[in-house]
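Worksheet: one structure, shown below.
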Amino acid sequence: MIYDFIETSYHFKDKDMINWANMEHTGTDIQYQREYYSLKGCRGIKIVHFTATNTLSIKGSPAYYWQGHNFNFSVHPFVESINHIGDLLGINLWTSLVDSLEIGLIMQVPEKPVQYIKGHSEGTGMTLYDNPKDKGHFRAYQDANIRRKLYDAKRNIIMKQGLKMQGIIQEQGWNPVNNYLKWELHYNRPQILNNGRSPLLADIVSLDYQNRFKESLYTEYQSLYKMKEIELPTNKKLLSTPDIIALGLNQIAINQGHTPQDTKKKLYSLINDIPDSILSKPDKDARKRQINAIFKRIEDQPQQSKWDLTEMIEEELIKE
Amino acid sequence: MNRQFIEATIQIATYQRKEGTSSSYYWQSGTKILPNRLGISKDQFSSILKKGRNLQKITGQIKSTFKKTEISPLKQYKPYAVHTQIWGIPEYPLLIGYGSLGISNKDGIIDRTSDTEDLILINSPSSDWKEIKIYYFPKGMKSLYDIAPIVSSMIL
């Protein structure tokens, strides 16, 4: 399991000796009474001082700060990096409140990551983020509490890292020939982990939380919809022309990342758009029933999705 | 502490001894975190009690004061003095030694409360210490034995 991004708040009293000397002042926002600082590492950590409330907000990826990449970053280097940041700031950062955090895992996959990513769509109550700029290499599935991310970890390394760092990551187990997928959970509201109260930074490295994170990486993955390959029926009766049209339509839709349910909804919507003067309501309902009957056979196909990562996630979680 | 982090955050300064002096060094290049002029002595400017960490082999001493015009995170309280012993590290003979910077505190003195735990490692390409290279690492004291081998390998 990889500890990645964190955002924490540290409230201090006047008697606390914050070591401003180790921070680089990067800006001031007079209107909102904020001072901006940066902490130099392999990559920077951003610090905002809310002067009105004597609060420090520390935001960034300890993995990037400490080692320049997030291909791996277990609890041990995470603890070491937080201790060092706390030393530099002159505070016990472990007592700060976690405002958001990110954990994840990387798995080696046999096929191209883009295929797996395309093979997962949002579960119930989630919004899909799929920016065409990412060319299928990144997808996020978000609800109010968690942003779940699935992306091509190899492409991430090649796009973000220089050759020297790529060499270092290779020494740590990355093979540029292989395909890697990263599955991440970004908790926008970590309060859900702690009965509605923000956990302390010290909490999230406890064994209890480590186990909870592992469980979440598994269960949150289960909440995604995995695309299934459509199997052609062997019974001639189930291969009428409308059946074949529906099978072909769904095959195309699935390859574009849409579920049969999505396609069905679009067809219903198309029917609804037809004026009642051309198709009466009973006519529309009858056509919807026919569509539903054909689609039900497609939706009911029980086979396992080719893109299901459950076993690989289990393997990664057991490894630790 | 790993190599990438050490290489990314270490700050290096070169000081040159002023002609005709034995311990007066002036900044030549690199980071300006330390004062422009440093007093670096193989002998000690001031005697110290042989106890605690001073039981280690002392290879020198650094004493300095920031000028009014100088800017540095180490310049906090008047008289803006900076001081450290230089302790030898037998495992890394390429280094003259290491120091943990002390700076004048609120009361204007350097005592045991003034230790910043900022680590400096010192090296000179020549035995006469004409040129001194200082490797500065904020809050690096705890990681001395992670940092020293990497700096030692940078010298080679």
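Ligands are numbered from 1 in the order shown, residues from 1 within each chain, and chains are lettered A, B, ... in the order they appear in the structure tokens.
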Using only C-alpha atoms, find the residues of chain A whose closest atom to chain B is at most 10 Å away, then write them as an mmCIF file with C-alpha atoms, in the first residue's frame.
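The resulting file, result-v7.cif, is reproduced below:
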```cif
data_model
loop_
_atom_site.group_PDB
_atom_site.id
_atom_site.type_symbol
_atom_site.label_atom_id
_atom_site.label_comp_id
_atom_site.auth_asym_id
_atom_site.auth_seq_id
_atom_site.Cartn_x
_atom_site.Cartn_y
_atom_site.Cartn_z
ATOM 1 C CA ASN A 19 10.391 27.547 12.754
ATOM 2 C CA TRP A 20 9.626 29.911 9.880
ATOM 3 C CA ALA A 21 13.317 29.970 8.969
ATOM 4 C CA ASN A 22 13.152 26.623 7.191
ATOM 5 C CA MET A 23 10.235 27.659 4.983
ATOM 6 C CA GLU A 24 10.555 29.722 1.863
ATOM 7 C CA LEU A 39 9.274 23.474 1.970
ATOM 8 C CA LYS A 40 12.058 22.309 -0.305
ATOM 9 C CA GLY A 41 12.479 18.597 -0.966
ATOM 10 C CA CYS A 42 12.697 16.436 -4.070
ATOM 11 C CA ARG A 43 9.353 18.149 -4.788
ATOM 12 C CA TYR A 64 7.285 13.166 -3.964
ATOM 13 C CA TYR A 65 8.833 15.382 -1.271
ATOM 14 C CA TRP A 66 10.940 12.601 0.214
ATOM 15 C CA GLN A 67 11.933 10.473 -2.774
ATOM 16 C CA GLY A 68 10.727 12.318 -5.883
ATOM 17 C CA HIS A 69 8.211 9.674 -7.008
ATOM 18 C CA PRO A 77 9.287 6.231 4.761
ATOM 19 C CA GLU A 80 10.291 9.261 8.398
ATOM 20 C CA SER A 81 9.277 12.077 6.022
ATOM 21 C CA HIS A 84 11.507 15.423 9.153
ATOM 22 C CA ILE A 85 8.839 17.934 8.054
ATOM 23 C CA GLY A 86 7.793 18.303 11.713
ATOM 24 C CA ASP A 87 11.435 18.901 12.719
ATOM 25 C CA LEU A 88 11.858 21.542 10.030
ATOM 26 C CA LEU A 89 8.677 23.358 11.086
ATOM 27 C CA GLY A 90 9.380 22.923 14.785
ATOM 28 C CA MET A 165 14.584 9.478 -11.635
ATOM 29 C CA ILE A 168 16.033 5.259 -9.616
#
```
Exercise for the section: Just list the residues in range 126-230 of chain A DSSP gives strand (DSSP E or B) on the backbone, as a PyMOL selection string. Expected result: chain A and resi 127-129+138-142+146-152+179-187+200+225-226
Could you take the residues named above and write them with N, CA and C atoms, as an mmCIF file, in the first residue's frame?
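Saved file part37.cif follows:
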```
data_model
loop_
_atom_site.group_PDB
_atom_site.id
_atom_site.type_symbol
_atom_site.label_atom_id
_atom_site.label_comp_id
_atom_site.auth_asym_id
_atom_site.auth_seq_id
_atom_site.Cartn_x
_atom_site.Cartn_y
_atom_site.Cartn_z
ATOM 1 N N THR A 127 -19.758 9.971 -9.943
ATOM 2 C CA THR A 127 -19.643 10.724 -11.186
ATOM 3 C C THR A 127 -18.338 10.308 -11.843
ATOM 4 N N LEU A 128 -18.424 10.080 -13.145
ATOM 5 C CA LEU A 128 -17.221 9.672 -13.878
ATOM 6 C C LEU A 128 -16.473 10.899 -14.376
ATOM 7 N N TYR A 129 -15.149 10.916 -14.134
ATOM 8 C CA TYR A 129 -14.303 11.956 -14.703
ATOM 9 C C TYR A 129 -13.441 11.288 -15.748
ATOM 10 N N PHE A 138 -6.405 7.748 -17.853
ATOM 11 C CA PHE A 138 -6.792 8.151 -16.496
ATOM 12 C C PHE A 138 -8.311 8.250 -16.419
ATOM 13 N N ARG A 139 -8.849 7.721 -15.348
ATOM 14 C CA ARG A 139 -10.266 7.907 -15.057
ATOM 15 C C ARG A 139 -10.444 8.075 -13.564
ATOM 16 N N ALA A 140 -11.388 8.913 -13.173
ATOM 17 C CA ALA A 140 -11.709 9.057 -11.750
ATOM 18 C C ALA A 140 -13.203 8.845 -11.573
ATOM 19 N N TYR A 141 -13.548 8.261 -10.450
ATOM 20 C CA TYR A 141 -14.947 7.939 -10.133
ATOM 21 C C TYR A 141 -15.218 8.557 -8.766
ATOM 22 N N GLN A 142 -16.034 9.574 -8.768
ATOM 23 C CA GLN A 142 -16.105 10.402 -7.563
ATOM 24 C C GLN A 142 -17.497 10.427 -6.944
ATOM 25 N N ILE A 146 -15.179 10.328 -1.567
ATOM 26 C CA ILE A 146 -13.953 9.702 -2.110
ATOM 27 C C ILE A 146 -13.862 9.906 -3.626
ATOM 28 N N ARG A 147 -12.649 10.236 -4.038
ATOM 29 C CA ARG A 147 -12.347 10.250 -5.481
ATOM 30 C C ARG A 147 -11.488 9.016 -5.753
ATOM 31 N N ARG A 148 -12.050 8.083 -6.521
ATOM 32 C CA ARG A 148 -11.325 6.842 -6.828
ATOM 33 C C ARG A 148 -10.637 7.037 -8.170
ATOM 34 N N LYS A 149 -9.372 6.665 -8.236
ATOM 35 C CA LYS A 149 -8.634 6.919 -9.479
ATOM 36 C C LYS A 149 -7.991 5.641 -9.997
ATOM 37 N N LEU A 150 -8.081 5.479 -11.300
ATOM 38 C CA LEU A 150 -7.444 4.348 -11.958
ATOM 39 C C LEU A 150 -6.620 4.927 -13.101
ATOM 40 N N TYR A 151 -5.322 4.725 -13.050
ATOM 41 C CA TYR A 151 -4.532 5.300 -14.138
ATOM 42 C C TYR A 151 -3.291 4.490 -14.480
ATOM 43 N N ASP A 152 -2.749 4.816 -15.643
ATOM 44 C CA ASP A 152 -1.579 4.141 -16.182
ATOM 45 C C ASP A 152 -0.342 4.644 -15.436
ATOM 46 N N ASN A 179 3.478 -3.398 -17.954
ATOM 47 C CA ASN A 179 2.357 -2.465 -17.801
ATOM 48 C C ASN A 179 1.957 -2.393 -16.333
ATOM 49 N N TYR A 180 1.707 -1.182 -15.856
ATOM 50 C CA TYR A 180 1.319 -1.003 -14.451
ATOM 51 C C TYR A 180 0.082 -0.123 -14.358
ATOM 52 N N LEU A 181 -0.800 -0.520 -13.473
ATOM 53 C CA LEU A 181 -1.997 0.278 -13.201
ATOM 54 C C LEU A 181 -1.935 0.759 -11.762
ATOM 55 N N LYS A 182 -2.374 1.972 -11.528
ATOM 56 C CA LYS A 182 -2.441 2.446 -10.140
ATOM 57 C C LYS A 182 -3.905 2.637 -9.754
ATOM 58 N N TRP A 183 -4.248 2.106 -8.615
ATOM 59 C CA TRP A 183 -5.602 2.249 -8.058
ATOM 60 C C TRP A 183 -5.470 3.089 -6.792
ATOM 61 N N GLU A 184 -6.143 4.222 -6.772
ATOM 62 C CA GLU A 184 -5.975 5.173 -5.668
ATOM 63 C C GLU A 184 -7.308 5.609 -5.083
ATOM 64 N N LEU A 185 -7.285 5.859 -3.795
ATOM 65 C CA LEU A 185 -8.453 6.446 -3.125
ATOM 66 C C LEU A 185 -8.036 7.783 -2.540
ATOM 67 N N HIS A 186 -8.715 8.814 -2.968
ATOM 68 C CA HIS A 186 -8.440 10.147 -2.415
ATOM 69 C C HIS A 186 -9.625 10.520 -1.522
ATOM 70 N N TYR A 187 -9.369 10.537 -0.216
ATOM 71 C CA TYR A 187 -10.441 10.856 0.731
ATOM 72 C C TYR A 187 -10.580 12.379 0.836
ATOM 73 N N LEU A 200 -6.423 12.293 13.400
ATOM 74 C CA LEU A 200 -5.103 12.901 13.563
ATOM 75 C C LEU A 200 -4.156 12.237 12.568
ATOM 76 N N TYR A 225 -18.234 -0.368 -11.664
ATOM 77 C CA TYR A 225 -18.853 -1.289 -12.620
ATOM 78 C C TYR A 225 -17.779 -1.779 -13.589
ATOM 79 N N LYS A 226 -17.638 -3.096 -13.698
ATOM 80 C CA LYS A 226 -16.642 -3.650 -14.620
ATOM 81 C C LYS A 226 -17.341 -4.059 -15.908
#
```
Practice task
Identify, on the basis of only C-alpha atoms, every residue whose closest approach to Asp128 in chain B does not exceed 12 Å; exclude the query and any residue fewer than 6 positions from it along the same chain; express the result as a PyMOL selection string.
Solution key: chain B and resi 16-17+22-23+41-42+96
Selected residues written out with N, CA and C atoms, as a compact mmCIF listing (two decimals), in the first residue's frame:
```txt
# COMPACT_ATOMS: atom_id res chain seq x y z
N GLN B 16 36.87 30.76 0.92
CA GLN B 16 38.30 30.85 0.63
C GLN B 16 38.97 31.62 1.77
N ARG B 17 40.12 31.10 2.21
CA ARG B 17 40.82 31.81 3.28
C ARG B 17 41.48 33.09 2.74
N SER B 22 45.07 33.29 9.16
CA SER B 22 45.08 31.85 9.43
C SER B 22 43.67 31.27 9.55
N SER B 23 42.67 32.11 9.81
CA SER B 23 41.33 31.54 10.06
C SER B 23 40.19 32.39 9.52
N SER B 41 38.81 27.56 12.40
CA SER B 41 40.12 27.29 12.99
C SER B 41 40.33 25.81 13.23
N LYS B 42 41.55 25.36 12.95
CA LYS B 42 41.90 23.97 13.31
C LYS B 42 42.01 23.87 14.82
N ILE B 96 36.50 16.71 6.81
CA ILE B 96 37.19 17.25 8.00
C ILE B 96 36.35 16.92 9.23
```
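Atom pair CA of Arg34 in chain A / CA of Lys46 in chain A: separated by 12.6 Å.
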